[in-house]
file input.pdb (PDB, C-alpha atoms)
ATOM      1  CA  MET A 986     117.323 -25.399 -35.118
ATOM      2  CA  ASN A 987     114.930 -27.295 -32.866
ATOM      3  CA  ASN A 988     114.953 -31.074 -32.606
ATOM      4  CA  PRO A 989     113.414 -33.152 -29.795
ATOM      5  CA  LYS A 990     116.268 -35.661 -29.908
ATOM      6  CA  LYS A 991     118.709 -34.867 -27.107
ATOM      7  CA  GLN A 992     121.406 -37.356 -28.123
ATOM      8  CA  ALA A 993     123.396 -37.075 -31.333
ATOM      9  CA  ILE A 994     125.838 -38.927 -33.531
ATOM     10  CA  ILE A 995     128.119 -36.470 -35.299
ATOM     11  CA  PHE A 996     130.185 -37.760 -38.205
ATOM     12  CA  ASP A 997     133.385 -36.830 -39.931
ATOM     13  CA  LEU A 998     132.978 -37.194 -43.707
ATOM     14  CA  ASP A 999     136.065 -38.461 -45.581
ATOM     15  CA  GLY A1000     137.006 -41.982 -44.565
ATOM     16  CA  THR A1001     133.950 -42.173 -42.328
ATOM     17  CA  LEU A1002     130.877 -41.674 -44.524
ATOM     18  CA  TRP A1003     132.422 -41.861 -47.971
ATOM     19  CA  ASP A1004     135.593 -42.300 -50.030
ATOM     20  CA  ALA A1005     135.514 -39.639 -52.734
ATOM     21  CA  ALA A1006     139.197 -39.726 -53.707
ATOM     22  CA  GLU A1007     138.659 -41.406 -57.077
ATOM     23  CA  THR A1008     136.451 -38.491 -58.107
ATOM     24  CA  ILE A1009     138.491 -35.753 -56.446
ATOM     25  CA  ALA A1010     141.891 -36.567 -57.981
ATOM     26  CA  PRO A1011     140.945 -36.060 -61.653
ATOM     27  CA  ALA A1012     139.007 -32.905 -60.787
ATOM     28  CA  TRP A1013     142.042 -31.432 -59.040
ATOM     29  CA  ASN A1014     144.364 -32.459 -61.867
ATOM     30  CA  SER A1015     142.139 -30.842 -64.468
ATOM     31  CA  TYR A1016     142.053 -27.606 -62.479
ATOM     32  CA  LEU A1017     145.821 -27.597 -61.854
ATOM     33  CA  GLU A1018     146.538 -28.255 -65.527
ATOM     34  CA  GLY A1019     144.219 -25.405 -66.493
ATOM     35  CA  ARG A1020     146.215 -23.052 -64.289
ATOM     36  CA  GLY A1021     149.511 -24.251 -65.716
ATOM     37  CA  ILE A1022     150.648 -25.733 -62.395
ATOM     38  CA  ASP A1023     152.991 -28.689 -62.788
ATOM     39  CA  LEU A1024     151.528 -30.873 -60.064
ATOM     40  CA  ARG A1025     149.338 -33.954 -60.274
ATOM     41  CA  VAL A1026     147.689 -35.792 -57.422
ATOM     42  CA  THR A1027     146.603 -39.385 -56.997
ATOM     43  CA  PRO A1028     143.625 -40.749 -55.046
ATOM     44  CA  GLU A1029     146.093 -41.948 -52.409
ATOM     45  CA  LEU A1030     147.467 -38.427 -51.973
ATOM     46  CA  CYS A1031     143.943 -37.040 -51.737
ATOM     47  CA  ARG A1032     143.167 -39.474 -48.935
ATOM     48  CA  SER A1033     146.282 -38.335 -47.069
ATOM     49  CA  TYR A1034     145.017 -34.743 -47.117
ATOM     50  CA  CYS A1035     141.689 -35.646 -45.524
ATOM     51  CA  GLY A1036     141.062 -34.231 -42.081
ATOM     52  CA  LYS A1037     143.255 -31.186 -42.631
ATOM     53  CA  THR A1038     141.925 -27.667 -43.064
ATOM     54  CA  LEU A1039     142.349 -26.035 -46.469
ATOM     55  CA  PRO A1040     145.233 -23.780 -45.289
ATOM     56  CA  GLU A1041     146.983 -26.854 -43.878
ATOM     57  CA  ILE A1042     146.588 -28.723 -47.174
ATOM     58  CA  ALA A1043     147.854 -25.701 -49.098
ATOM     59  CA  GLU A1044     150.962 -25.432 -46.928
ATOM     60  CA  PHE A1045     151.595 -29.178 -47.185
ATOM     61  CA  ILE A1046     151.444 -29.164 -50.987
ATOM     62  CA  PHE A1047     153.113 -25.790 -51.642
ATOM     63  CA  PRO A1048     155.360 -25.186 -48.599
ATOM     64  CA  GLU A1049     157.479 -22.511 -50.311
ATOM     65  CA  ALA A1050     154.645 -20.580 -51.935
ATOM     66  CA  GLU A1051     153.083 -17.356 -50.718
ATOM     67  CA  PRO A1052     150.124 -18.250 -48.432
ATOM     68  CA  ALA A1053     147.484 -16.239 -50.277
ATOM     69  CA  TRP A1054     148.448 -17.824 -53.618
ATOM     70  CA  ARG A1055     148.566 -21.401 -52.410
ATOM     71  CA  GLU A1056     145.310 -21.086 -50.483
ATOM     72  CA  ALA A1057     143.605 -19.645 -53.558
ATOM     73  CA  VAL A1058     144.832 -22.642 -55.582
ATOM     74  CA  ILE A1059     143.462 -25.130 -53.051
ATOM     75  CA  GLU A1060     140.163 -23.289 -52.907
ATOM     76  CA  GLY A1061     140.008 -23.570 -56.696
ATOM     77  CA  CYS A1062     140.690 -27.295 -56.481
ATOM     78  CA  CYS A1063     137.910 -27.668 -53.940
ATOM     79  CA  ASP A1064     135.460 -25.722 -56.090
ATOM     80  CA  ALA A1065     136.368 -27.966 -59.031
ATOM     81  CA  GLU A1066     135.854 -31.196 -57.099
ATOM     82  CA  CYS A1067     132.371 -30.223 -55.938
ATOM     83  CA  VAL A1068     130.988 -30.247 -59.483
ATOM     84  CA  PRO A1069     131.474 -33.974 -60.244
ATOM     85  CA  LEU A1070     130.853 -34.919 -56.611
ATOM     86  CA  ALA A1071     127.466 -33.190 -56.613
ATOM     87  CA  GLN A1072     126.588 -35.013 -59.827
ATOM     88  CA  ARG A1073     127.706 -38.561 -59.095
ATOM     89  CA  GLY A1074     128.927 -38.582 -55.503
ATOM     90  CA  GLY A1075     131.603 -40.764 -53.983
ATOM     91  CA  ARG A1076     131.772 -44.341 -52.724
ATOM     92  CA  LEU A1077     129.612 -45.002 -49.686
ATOM     93  CA  TYR A1078     130.471 -47.733 -47.203
ATOM     94  CA  PRO A1079     128.525 -51.034 -47.037
ATOM     95  CA  ASP A1080     124.967 -50.774 -45.650
ATOM     96  CA  GLU A1081     125.465 -47.084 -44.930
ATOM     97  CA  LYS A1082     121.990 -45.873 -45.830
ATOM     98  CA  ALA A1083     120.309 -48.695 -43.922
ATOM     99  CA  VAL A1084     122.384 -47.919 -40.821
ATOM    100  CA  LEU A1085     121.662 -44.188 -41.056
ATOM    101  CA  THR A1086     117.954 -44.870 -41.497
ATOM    102  CA  ALA A1087     117.897 -46.917 -38.298
ATOM    103  CA  LEU A1088     119.987 -44.430 -36.307
ATOM    104  CA  ARG A1089     117.751 -41.511 -37.268
ATOM    105  CA  GLU A1090     114.918 -43.090 -35.357
ATOM    106  CA  GLU A1091     116.710 -42.442 -32.076
ATOM    107  CA  TYR A1092     119.485 -39.900 -32.606
ATOM    108  CA  LEU A1093     120.023 -36.535 -34.212
ATOM    109  CA  LEU A1094     122.578 -37.048 -37.006
ATOM    110  CA  ALA A1095     125.022 -34.399 -38.201
ATOM    111  CA  VAL A1096     128.223 -34.009 -40.218
ATOM    112  CA  VAL A1097     131.169 -31.868 -39.081
ATOM    113  CA  SER A1098     134.196 -31.681 -41.365
ATOM    114  CA  ASN A1099     137.227 -29.481 -42.044
ATOM    115  CA  CYS A1100     136.261 -29.395 -45.731
ATOM    116  CA  GLY A1101     135.663 -26.434 -48.004
ATOM    117  CA  LEU A1102     132.393 -24.776 -48.894
ATOM    118  CA  GLY A1103     130.024 -26.943 -50.915
ATOM    119  CA  TYR A1104     131.708 -30.246 -50.088
ATOM    120  CA  ILE A1105     129.202 -31.579 -47.565
ATOM    121  CA  GLU A1106     126.407 -30.336 -49.811
ATOM    122  CA  ALA A1107     127.958 -32.344 -52.669
ATOM    123  CA  PHE A1108     127.873 -35.446 -50.447
ATOM    124  CA  PHE A1109     124.200 -34.821 -49.782
ATOM    125  CA  SER A1110     123.388 -34.206 -53.448
ATOM    126  CA  GLY A1111     125.589 -36.717 -55.248
ATOM    127  CA  ASN A1112     124.821 -39.608 -52.928
ATOM    128  CA  HIS A1113     121.252 -38.586 -52.030
ATOM    129  CA  THR A1114     122.118 -38.601 -48.324
ATOM    130  CA  GLY A1115     120.838 -35.205 -47.201
ATOM    131  CA  LYS A1116     117.609 -36.673 -45.869
ATOM    132  CA  TYR A1117     119.483 -38.629 -43.194
ATOM    133  CA  PHE A1118     121.083 -35.620 -41.493
ATOM    134  CA  ASP A1119     119.645 -32.884 -39.311
ATOM    135  CA  ASP A1120     122.572 -30.469 -39.444
ATOM    136  CA  TYR A1121     126.130 -29.977 -40.700
ATOM    137  CA  GLU A1122     129.042 -27.615 -40.325
ATOM    138  CA  ASN A1123     132.545 -27.041 -41.669
ATOM    139  CA  ALA A1124     135.618 -24.982 -40.918
ATOM    140  CA  ALA A1125     135.454 -22.986 -44.140
ATOM    141  CA  ARG A1126     132.040 -21.610 -43.221
ATOM    142  CA  THR A1127     132.635 -20.798 -39.556
ATOM    143  CA  GLY A1128     136.395 -20.358 -39.266
ATOM    144  CA  LEU A1129     136.262 -22.552 -36.178
ATOM    145  CA  SER A1130     138.160 -25.714 -35.332
ATOM    146  CA  LYS A1131     136.476 -29.082 -35.757
ATOM    147  CA  GLY A1132     136.014 -29.412 -31.999
ATOM    148  CA  GLU A1133     134.406 -25.977 -31.818
ATOM    149  CA  ASN A1134     132.111 -26.834 -34.714
ATOM    150  CA  ILE A1135     131.024 -30.033 -32.956
ATOM    151  CA  ARG A1136     130.040 -27.964 -29.918
ATOM    152  CA  LEU A1137     128.319 -25.415 -32.167
ATOM    153  CA  VAL A1138     126.151 -28.117 -33.756
ATOM    154  CA  MET A1139     125.299 -29.558 -30.349
ATOM    155  CA  GLU A1140     124.358 -26.192 -28.867
ATOM    156  CA  ARG A1141     122.169 -24.987 -31.706
ATOM    157  CA  ASN A1142     120.259 -28.281 -31.731
ATOM    158  CA  GLY A1143     119.846 -28.520 -27.976
ATOM    159  CA  VAL A1144     121.852 -31.756 -27.866
ATOM    160  CA  GLU A1145     122.811 -32.854 -24.362
ATOM    161  CA  ARG A1146     124.992 -35.874 -25.200
ATOM    162  CA  ALA A1147     126.784 -36.907 -28.377
ATOM    163  CA  VAL A1148     129.524 -39.043 -29.871
ATOM    164  CA  TYR A1149     131.832 -38.128 -32.733
ATOM    165  CA  VAL A1150     132.645 -40.748 -35.362
ATOM    166  CA  GLY A1151     135.839 -40.287 -37.380
ATOM    167  CA  ASP A1152     138.908 -42.038 -38.683
ATOM    168  CA  THR A1153     141.965 -39.912 -37.814
ATOM    169  CA  THR A1154     143.874 -38.633 -34.800
ATOM    170  CA  GLY A1155     142.623 -35.161 -35.705
ATOM    171  CA  ASP A1156     139.075 -36.430 -35.278
ATOM    172  CA  LEU A1157     139.997 -37.876 -31.891
ATOM    173  CA  ALA A1158     141.462 -34.526 -30.826
ATOM    174  CA  ALA A1159     138.304 -32.740 -31.993
ATOM    175  CA  ALA A1160     136.092 -35.027 -29.937
ATOM    176  CA  ARG A1161     138.303 -34.515 -26.891
ATOM    177  CA  ARG A1162     138.125 -30.745 -27.345
ATOM    178  CA  ALA A1163     134.344 -30.962 -27.636
ATOM    179  CA  GLY A1164     134.215 -33.097 -24.503
ATOM    180  CA  ILE A1165     132.409 -36.064 -26.057
ATOM    181  CA  PRO A1166     133.289 -39.743 -26.685
ATOM    182  CA  PHE A1167     135.049 -40.740 -29.898
ATOM    183  CA  VAL A1168     134.253 -43.745 -32.096
ATOM    184  CA  HIS A1169     137.083 -44.711 -34.439
ATOM    185  CA  ALA A1170     135.932 -45.707 -37.925
ATOM    186  CA  ALA A1171     138.759 -48.235 -38.275
ATOM    187  CA  TYR A1172     137.734 -49.017 -41.861
ATOM    188  CA  GLY A1173     138.743 -45.458 -42.839
ATOM    189  CA  TYR A1174     142.040 -43.733 -43.594
ATOM    190  CA  GLY A1175     143.845 -43.464 -40.271
ATOM    191  CA  GLN A1176     145.119 -45.241 -37.179
ATOM    192  CA  VAL A1177     143.902 -43.855 -33.862
ATOM    193  CA  PRO A1178     145.293 -44.686 -30.398
ATOM    194  CA  GLU A1179     142.908 -45.333 -27.517
ATOM    195  CA  PRO A1180     139.509 -44.343 -28.910
ATOM    196  CA  ASP A1181     136.461 -44.784 -26.689
ATOM    197  CA  ALA A1182     135.192 -47.378 -29.175
ATOM    198  CA  ALA A1183     136.261 -48.741 -32.553
ATOM    199  CA  ILE A1184     134.192 -50.178 -35.380
ATOM    200  CA  GLN A1185     135.289 -52.213 -38.381
ATOM    201  CA  SER A1186     132.153 -51.301 -40.357
ATOM    202  CA  LEU A1187     129.189 -48.977 -40.020
ATOM    203  CA  ARG A1188     127.061 -51.997 -39.157
ATOM    204  CA  GLU A1189     128.786 -52.030 -35.765
ATOM    205  CA  LEU A1190     128.001 -48.382 -35.008
ATOM    206  CA  PRO A1191     124.550 -48.731 -33.381
ATOM    207  CA  GLU A1192     125.861 -51.140 -30.743
ATOM    208  CA  ALA A1193     128.943 -49.009 -30.086
ATOM    209  CA  VAL A1194     126.863 -45.879 -29.605
ATOM    210  CA  LYS A1195     124.464 -47.614 -27.213
ATOM    211  CA  LYS A1196     127.394 -48.462 -24.958
ATOM    212  CA  LEU A1197     128.645 -44.862 -24.986
ATOM    213  CA  LEU A1198     125.214 -43.219 -24.746
ATOM    214  CA  PRO A1199     123.218 -45.689 -22.618
TER     215      PRO A1199
END
call {"tool": "encode", "arguments": {"input": "input.pdb", "output": "structure tokens"}}
result
Amino acid sequence: MNNPKKQAIIFDLDGTLWDAAETIAPAWNSYLEGRGIDLRVTPELCRSYCGKTLPEIAEFIFPEAEPAWREAVIEGCCDAECVPLAQRGGRLYPDEKAVLTALREEYLLAVVSNCGLGYIEAFFSGNHTGKYFDDYENAARTGLSKGENIRLVMERNGVERAVYVGDTTGDLAAARRAGIPFVHAAYGYGQVPEPDAAIQSLRELPEAVKKLLP
């Protein structure tokens, strides 16, 4: 990909750009019931899984199960969630589209998540947000860590400087591995020690980024 913008803002998805748990939980429960699996999840549990890779989620939920079986179940759950998400999306944060519109004028915008295949695309489709982003990547597609995927997005877009915006300690670690500053989305799901900047809403992001990418 070729983009003249040499600075980028790269976003985590869950807890940073949307909260999709209210849509995900019933989709997972319907799938699990259909497979005869006696497990039900709540939106709160779904939020606690965010940031983990699919194998990590599978091991967390089914610690005693055979890895291939449990990972196939989680992949099925993820396929099931993408259907309603692509149709009606999740809950965006206040003023999100206005903030993204303004940021696009100056920065390349991208999404990097540990989600499964089709999940970021569902965010783009269900919430009509695809037009705001220049690129995206996920662990399920590349098999790489989040930090490696951040670097991958930067390299293929010719980005010289970037920040990563996320809400968990895993996001902080990914930014550190990628060698770029981290902005903590403190309105999201997790607590993060010693970020390079913290924001209480997306409205604060433009000012935070200007300080990190002067």
call {"tool": "closest_atom_pairs", "arguments": {"input": "input.pdb", "of": "region 1043-1156 of chain A", "to": "region 1015-1024 of chain A", "cutoff": "10 Å", "atoms": "only C-alpha atoms", "output": "CSV"}}
result
residue,atom,partner,partner_atom,distance
A:Ile1046,CA,A:Leu1024,CA,9.2
A:Phe1047,CA,A:Leu1024,CA,10.0
A:Val1058,CA,A:Leu1017,CA,8.1
A:Ile1059,CA,A:Leu1017,CA,9.4
A:Gly1061,CA,A:Tyr1016,CA,7.3
A:Cys1062,CA,A:Tyr1016,CA,6.2
A:Cys1063,CA,A:Tyr1016,CA,9.5
A:Asp1064,CA,A:Tyr1016,CA,9.4
A:Ala1065,CA,A:Tyr1016,CA,6.7
A:Glu1066,CA,A:Tyr1016,CA,9.0
call {"tool": "closest_residue", "arguments": {"input": "input.pdb", "among": "A:Glu1049, A:Glu1056, A:Glu1106, A:Asp1181", "to": "Ile1165 (chain A)", "atoms": "only C-alpha atoms"}}
result
A:Asp1181
call {"tool": "resolve_selection", "arguments": {"input": "input.pdb", "expression": "the PyMOL selection byres ((chain A and resi 1144-1161) around 7)", "output": "PyMOL selection string"}}
result
chain A and resi 991-997+1000-1001+1036+1131-1132+1139-1140+1142-1143+1162-1171+1173-1177
call {"tool": "atom_distance", "arguments": {"input": "input.pdb", "atom1": "CA of Ala1095 (chain A)", "atom2": "CA of Gly1115 (chain A)"}}
result
10.0 Å
call {"tool": "closest_residue", "arguments": {"input": "input.pdb", "among": "A:Ile1105, A:Thr1027, A:Leu1197, A:Asp1120", "to": "Arg1141 (chain A)", "atoms": "only C-alpha atoms"}}
result
A:Asp1120
call {"tool": "atom_distance", "arguments": {"input": "input.pdb", "atom1": "CA of Val1138 (chain A)", "atom2": "CA of Glu1192 (chain A)"}}
result
23.2 Å
call {"tool": "resolve_selection", "arguments": {"input": "input.pdb", "expression": "the PyMOL selection byres ((chain A and resi 1101) around 9)", "output": "NGL selection string"}}
result
:A and (1038-1039 or 1060 or 1063-1064 or 1098-1100 or 1102-1105 or 1123-1126)
call {"tool": "residues_around", "arguments": {"input": "input.pdb", "residues": "Asp1004 (chain A)", "least_positions_apart": "4", "cutoff": "9 Å", "atoms": "all atoms listed in the file", "output": "VMD selection string"}}
result
chain A and resid 998 to 1000 1008 1032 1075 to 1078 1173
call {"tool": "atom_distance", "arguments": {"input": "input.pdb", "atom1": "CA of Asn1112 (chain A)", "atom2": "CA of Arg1073 (chain A)"}}
result
6.9 Å
call {"tool": "residues_around", "arguments": {"input": "input.pdb", "residues": "Ala1010 (chain A)", "least_positions_apart": "6", "cutoff": "7 Å", "atoms": "only C-alpha atoms", "output": "list in words"}}
result
Val1026, Thr1027, Pro1028 and Cys1031 of chain A
call {"tool": "resolve_selection", "arguments": {"input": "input.pdb", "expression": "the PyMOL selection byres ((chain A and resi 1081-1085) around 8)", "output": "list in words"}}
result
Leu1002, Leu1077, Tyr1078, Pro1079, Asp1080, Thr1086, Ala1087, Leu1088, Arg1089, Thr1114, Tyr1117, Leu1187, Arg1188 and Pro1191 of chain A
call {"tool": "closest_residue", "arguments": {"input": "input.pdb", "among": "A:Pro1180, A:Leu1190, A:Trp1003, A:Glu1090", "to": "Phe1109 (chain A)", "atoms": "all atoms listed in the file"}}
result
A:Trp1003
call {"tool": "closest_residue", "arguments": {"input": "input.pdb", "among": "A:Val1097, A:Glu1044, A:Ala1050, A:Phe1108", "to": "Ser1130 (chain A)", "atoms": "only C-alpha atoms"}}
result
A:Val1097
call {"tool": "axis_aligned_box", "arguments": {"input": "input.pdb", "around": "region 1171-1186 of chain A", "padding_each_side": "3 Å", "output": "lines of an AutoDock Vina configuration file"}}
result
center_x = 138.7
center_y = -47.8
center_z = -35.1
size_x = 19.1
size_y = 14.7
size_z = 22.9
call {"tool": "decode", "arguments": {"input": "input.pdb", "residues": "region 1151-1190 of chain A", "atoms": "N, CA and C atoms", "output": "compact mmCIF listing (two decimals), in the first residue's frame"}}
result
# COMPACT_ATOMS: atom_id res chain seq x y z
N GLY A 1151 -4.78 1.82 22.74
CA GLY A 1151 -5.44 0.61 23.23
C GLY A 1151 -5.80 0.76 24.69
N ASP A 1152 -6.38 -0.29 25.24
CA ASP A 1152 -6.95 -0.17 26.59
C ASP A 1152 -6.46 -1.22 27.58
N THR A 1153 -5.51 -2.07 27.21
CA THR A 1153 -5.07 -3.14 28.10
C THR A 1153 -3.55 -3.18 28.20
N THR A 1154 -3.06 -3.92 29.19
CA THR A 1154 -1.62 -4.09 29.34
C THR A 1154 -1.02 -4.84 28.14
N GLY A 1155 -1.82 -5.71 27.53
CA GLY A 1155 -1.36 -6.39 26.33
C GLY A 1155 -1.12 -5.40 25.19
N ASP A 1156 -1.97 -4.39 25.11
CA ASP A 1156 -1.78 -3.35 24.09
C ASP A 1156 -0.51 -2.55 24.37
N LEU A 1157 -0.28 -2.25 25.64
CA LEU A 1157 0.95 -1.55 26.02
C LEU A 1157 2.17 -2.37 25.61
N ALA A 1158 2.15 -3.66 25.91
CA ALA A 1158 3.28 -4.53 25.56
C ALA A 1158 3.49 -4.58 24.05
N ALA A 1159 2.40 -4.58 23.29
CA ALA A 1159 2.50 -4.60 21.83
C ALA A 1159 3.15 -3.34 21.30
N ALA A 1160 2.76 -2.20 21.85
CA ALA A 1160 3.37 -0.94 21.44
C ALA A 1160 4.85 -0.92 21.77
N ARG A 1161 5.21 -1.41 22.96
CA ARG A 1161 6.61 -1.45 23.35
C ARG A 1161 7.40 -2.35 22.39
N ARG A 1162 6.82 -3.49 22.04
CA ARG A 1162 7.50 -4.40 21.12
C ARG A 1162 7.68 -3.76 19.75
N ALA A 1163 6.68 -2.97 19.34
CA ALA A 1163 6.76 -2.30 18.04
C ALA A 1163 7.66 -1.07 18.09
N GLY A 1164 8.01 -0.63 19.29
CA GLY A 1164 8.91 0.51 19.43
C GLY A 1164 8.24 1.85 19.21
N ILE A 1165 6.94 1.95 19.55
CA ILE A 1165 6.22 3.21 19.35
C ILE A 1165 5.50 3.60 20.64
N PRO A 1166 5.15 4.89 20.80
CA PRO A 1166 4.43 5.33 21.99
C PRO A 1166 3.05 4.69 22.11
N PHE A 1167 2.58 4.61 23.36
CA PHE A 1167 1.28 4.01 23.64
C PHE A 1167 0.35 5.03 24.30
N VAL A 1168 -0.86 5.13 23.78
CA VAL A 1168 -1.91 5.97 24.35
C VAL A 1168 -2.95 5.04 24.98
N HIS A 1169 -3.17 5.19 26.28
CA HIS A 1169 -4.14 4.36 26.98
C HIS A 1169 -5.54 4.93 26.82
N ALA A 1170 -6.43 4.16 26.23
CA ALA A 1170 -7.85 4.51 26.16
C ALA A 1170 -8.47 4.15 27.51
N ALA A 1171 -8.38 5.08 28.46
CA ALA A 1171 -8.77 4.80 29.85
C ALA A 1171 -10.28 4.60 30.01
N TYR A 1172 -11.05 4.93 28.99
CA TYR A 1172 -12.49 4.69 29.01
C TYR A 1172 -12.83 3.24 28.66
N GLY A 1173 -11.82 2.44 28.31
CA GLY A 1173 -12.04 1.08 27.83
C GLY A 1173 -12.10 0.05 28.94
N TYR A 1174 -11.57 -1.15 28.69
CA TYR A 1174 -11.79 -2.28 29.58
C TYR A 1174 -10.71 -2.47 30.64
N GLY A 1175 -9.51 -1.92 30.43
CA GLY A 1175 -8.41 -2.30 31.31
C GLY A 1175 -7.68 -1.14 31.96
N GLN A 1176 -6.93 -1.48 33.01
CA GLN A 1176 -6.03 -0.54 33.67
C GLN A 1176 -4.62 -0.77 33.12
N VAL A 1177 -3.91 0.32 32.87
CA VAL A 1177 -2.59 0.23 32.28
C VAL A 1177 -1.61 1.10 33.06
N PRO A 1178 -0.50 0.53 33.55
CA PRO A 1178 0.48 1.33 34.27
C PRO A 1178 1.42 2.07 33.33
N GLU A 1179 1.67 3.32 33.61
CA GLU A 1179 2.68 4.12 32.95
C GLU A 1179 2.59 4.14 31.42
N PRO A 1180 1.44 4.50 30.87
CA PRO A 1180 1.38 4.71 29.42
C PRO A 1180 2.10 6.01 29.05
N ASP A 1181 2.36 6.22 27.79
CA ASP A 1181 2.98 7.47 27.36
C ASP A 1181 1.97 8.62 27.40
N ALA A 1182 0.70 8.29 27.27
CA ALA A 1182 -0.38 9.27 27.42
C ALA A 1182 -1.64 8.49 27.75
N ALA A 1183 -2.61 9.17 28.35
CA ALA A 1183 -3.89 8.55 28.67
C ALA A 1183 -5.01 9.50 28.30
N ILE A 1184 -6.09 8.95 27.77
CA ILE A 1184 -7.25 9.77 27.40
C ILE A 1184 -8.50 9.20 28.05
N GLN A 1185 -9.38 10.08 28.48
CA GLN A 1185 -10.64 9.68 29.08
C GLN A 1185 -11.76 9.57 28.05
N SER A 1186 -11.53 10.09 26.86
CA SER A 1186 -12.48 9.98 25.75
C SER A 1186 -11.72 10.17 24.45
N LEU A 1187 -12.31 9.75 23.35
CA LEU A 1187 -11.66 9.92 22.06
C LEU A 1187 -11.48 11.39 21.70
N ARG A 1188 -12.28 12.25 22.27
CA ARG A 1188 -12.14 13.68 22.00
C ARG A 1188 -10.78 14.21 22.40
N GLU A 1189 -10.13 13.53 23.36
CA GLU A 1189 -8.82 13.97 23.84
C GLU A 1189 -7.67 13.42 22.99
N LEU A 1190 -7.97 12.53 22.04
CA LEU A 1190 -6.91 11.86 21.30
C LEU A 1190 -6.10 12.81 20.42
